[in-house]
Amino acid sequence: MLLTIDIGNTNITLGVYDNDVLKFTARLATAHGTTADQYAIEIKDVLALHGLDYKLVEDCIVSSVVPSVGGAVCNAVSLLCNIVPLELGPGVKTGLNIKIDNPAQLGADLVAGAVGAISEYTLPCVVIDMGTASTISVIDRNGGYLGGVISAGVRLTLKALSENTAQLPSIDISAPKSVIGSNTIDCMKSGLIFGTASMIDGLIDRIVDELGELPTIVATGGMSKDIIIHCKNDIIYNANLLLDGLREIYEKNR
């Protein structure tokens, strides 16, 4: 079985594939300073929780945007499963034609998401990933990665509001009953949810104008599901897009 691991700034997402079938997904907290031994125990426990013996893991591929945590997790997998994980980075075959100014700057998570989108959807394609940061990737009809957009994520925006203002509280992230809030909390919720949805719609409209054709629009990431239901564009939700992309990349390198 193949263990796929996507390490983000907030969460570590694990998925186990039996050939092309995703058996389960799970999440761990991204914790700076956690040792390889600790991660090995956590990964072993997660596998056991889902009824899988760690000895059945034959290979692993890792995508990380947090280098120190990526190293610890790779070492953990080596300790636990006696294998050397494939870490997504320079020298790894992805099949992705990266057309940005400096291809080396493209984050591993964006590469995995783009590869997953190319393998599953009609091109051109726009990939929206809402995590700690909200990113938009644009892939042309020939599978070329043209570039994209990066903005602060919803939770990061809320943290900035609550920590840098005297009277705005920290709130749960959920949609209010209407755009026009009648109290402080609903006003904040409106800005976070409807404001983000409107930003996504506006950026998509501008991207479509630049592309000159309608793309398939796919969203992934922890916050996407709660936001895209308020968007006016037709957006497909795929929670496991990055893991699917990692599996595709693994197949290209095995």
# chains A, B, ... in the order shown; residues from 1 in each chain; ligands from 1

$ select_by_dssp --residues "stretch 106-229 of chain A" --states "helix (DSSP H, G or I)" --output "PyMOL selection string"
chain A and resi 108-120+154-164+184-211+224-228

$ residues_around --residues "stretch 172-175 of chain A" --least-positions-apart "5" --cutoff "8 Å" --atoms "only C-alpha atoms" --output "list in words"
Arg155, Lys189, Ser190, Leu192, Ile193, Phe194 and Asp226 of chain A

$ closest_residue --among "A:Gly8, A:Lys93, A:Val115, A:Leu28" --to "A:Pro67" --atoms "only C-alpha atoms"
A:Gly8

$ residues_around --residues "A:Leu86" --least-positions-apart "5" --cutoff "8 Å" --atoms "only C-alpha atoms" --output "list of chain:residue names"
A:Cys60, A:Ile61, A:Val62, A:Tyr250

$ write_last_selection --atoms "N, CA, C and O atoms" --output "mmCIF file, in the first residue's frame"
data_model
loop_
_atom_site.group_PDB
_atom_site.id
_atom_site.type_symbol
_atom_site.label_atom_id
_atom_site.label_comp_id
_atom_site.auth_asym_id
_atom_site.auth_seq_id
_atom_site.Cartn_x
_atom_site.Cartn_y
_atom_site.Cartn_z
ATOM 1 N N CYS A 60 5.954 5.395 0.230
ATOM 2 C CA CYS A 60 5.401 6.646 0.750
ATOM 3 C C CYS A 60 5.878 7.812 -0.100
ATOM 4 O O CYS A 60 7.026 7.824 -0.576
ATOM 5 N N ILE A 61 5.004 8.802 -0.302
ATOM 6 C CA ILE A 61 5.378 10.053 -0.952
ATOM 7 C C ILE A 61 4.907 11.202 -0.077
ATOM 8 O O ILE A 61 3.802 11.158 0.483
ATOM 9 N N VAL A 62 5.763 12.212 0.064
ATOM 10 C CA VAL A 62 5.503 13.321 0.984
ATOM 11 C C VAL A 62 5.590 14.651 0.246
ATOM 12 O O VAL A 62 6.535 14.899 -0.507
ATOM 13 N N TYR A 250 3.755 9.762 -7.648
ATOM 14 C CA TYR A 250 4.445 8.533 -7.247
ATOM 15 C C TYR A 250 4.500 7.546 -8.404
ATOM 16 O O TYR A 250 5.548 6.940 -8.669
#

$ closest_residue --among "A:Ile180, A:Val138, A:Leu49, A:Ala36" --to "A:Ala114" --atoms "only C-alpha atoms"
A:Val138

$ atom_distance --atom1 "atom CA of A:Tyr39" --atom2 "atom CA of A:Asp109"
20.2 Å

$ decode --residues "stretch 128-218 of chain A" --atoms "C-alpha atoms" --output "short mmCIF file (atom, residue, chain, number, x, y, z; two decimals), in the first residue's frame"
data_model
loop_
_atom_site.label_atom_id
_atom_site.label_comp_id
_atom_site.auth_asym_id
_atom_site.auth_seq_id
_atom_site.Cartn_x
_atom_site.Cartn_y
_atom_site.Cartn_z
CA ILE A 128 -8.61 26.77 -5.47
CA ASP A 129 -6.96 25.63 -2.24
CA MET A 130 -8.17 27.23 0.99
CA GLY A 131 -5.98 26.51 3.98
CA THR A 132 -3.76 28.80 6.04
CA ALA A 133 -3.37 30.73 2.79
CA SER A 134 -5.93 30.81 -0.01
CA THR A 135 -4.32 29.99 -3.35
CA ILE A 136 -5.59 29.82 -6.91
CA SER A 137 -3.66 27.92 -9.59
CA VAL A 138 -4.34 28.30 -13.31
CA ILE A 139 -3.60 25.45 -15.72
CA ASP A 140 -3.98 25.96 -19.46
CA ARG A 141 -5.59 23.57 -21.97
CA ASN A 142 -2.20 21.94 -22.66
CA GLY A 143 -1.48 21.19 -19.01
CA GLY A 144 0.86 24.14 -18.50
CA TYR A 145 0.95 25.77 -15.07
CA LEU A 146 0.54 29.49 -15.86
CA GLY A 147 0.62 30.92 -12.33
CA GLY A 148 -2.00 32.01 -9.87
CA VAL A 149 -3.04 34.05 -6.84
CA ILE A 150 -2.10 33.95 -3.14
CA SER A 151 -4.07 35.67 -0.38
CA ALA A 152 -4.52 35.29 3.37
CA GLY A 153 -6.73 32.38 4.41
CA VAL A 154 -9.99 32.79 6.30
CA ARG A 155 -8.61 31.72 9.68
CA LEU A 156 -5.50 33.87 9.21
CA THR A 157 -7.71 36.87 8.41
CA LEU A 158 -9.83 36.24 11.51
CA LYS A 159 -6.70 35.97 13.66
CA ALA A 160 -5.42 39.28 12.31
CA LEU A 161 -8.77 40.96 13.04
CA SER A 162 -9.15 39.67 16.59
CA GLU A 163 -5.51 40.14 17.63
CA ASN A 164 -4.97 43.58 16.12
CA THR A 165 -8.19 45.34 17.09
CA ALA A 166 -9.37 46.32 20.54
CA GLN A 167 -13.04 45.41 20.24
CA LEU A 168 -13.34 42.63 17.65
CA PRO A 169 -13.57 39.15 19.22
CA SER A 170 -12.45 35.76 17.99
CA ILE A 171 -15.51 33.99 16.54
CA ASP A 172 -16.53 30.69 15.00
CA ILE A 173 -16.35 30.68 11.22
CA SER A 174 -19.87 30.21 9.89
CA ALA A 175 -22.17 32.10 7.55
CA PRO A 176 -24.59 34.66 9.03
CA LYS A 177 -28.23 34.79 7.94
CA SER A 178 -27.67 37.78 5.69
CA VAL A 179 -24.87 39.81 4.14
CA ILE A 180 -25.94 42.90 6.08
CA GLY A 181 -25.01 42.04 9.66
CA SER A 182 -27.02 43.53 12.51
CA ASN A 183 -24.36 42.95 15.18
CA THR A 184 -20.58 42.85 15.39
CA ILE A 185 -20.25 39.07 15.18
CA ASP A 186 -22.55 38.75 12.16
CA CYS A 187 -20.73 41.64 10.47
CA MET A 188 -17.43 39.82 10.96
CA LYS A 189 -18.90 36.54 9.70
CA SER A 190 -20.27 38.30 6.63
CA GLY A 191 -16.87 39.76 5.83
CA LEU A 192 -15.12 36.42 6.32
CA ILE A 193 -17.55 34.13 4.49
CA PHE A 194 -19.32 36.30 1.92
CA GLY A 195 -16.29 38.52 1.47
CA THR A 196 -14.06 35.54 0.68
CA ALA A 197 -16.69 34.01 -1.64
CA SER A 198 -17.01 37.33 -3.49
CA MET A 199 -13.22 37.59 -3.79
CA ILE A 200 -13.07 34.08 -5.25
CA ASP A 201 -15.85 34.88 -7.73
CA GLY A 202 -14.21 38.14 -8.74
CA LEU A 203 -10.81 36.51 -9.27
CA ILE A 204 -12.34 33.68 -11.29
CA ASP A 205 -14.08 36.22 -13.54
CA ARG A 206 -10.79 38.03 -14.14
CA ILE A 207 -8.96 34.75 -14.77
CA VAL A 208 -11.59 33.70 -17.32
CA ASP A 209 -11.17 37.06 -19.09
CA GLU A 210 -7.41 36.50 -19.32
CA LEU A 211 -7.72 32.87 -20.42
CA GLY A 212 -10.35 33.67 -23.01
CA GLU A 213 -12.23 30.42 -22.31
CA LEU A 214 -14.20 28.78 -19.51
CA PRO A 215 -12.12 26.51 -17.25
CA THR A 216 -13.12 23.68 -14.98
CA ILE A 217 -13.03 25.08 -11.45
CA VAL A 218 -12.01 22.77 -8.59
#
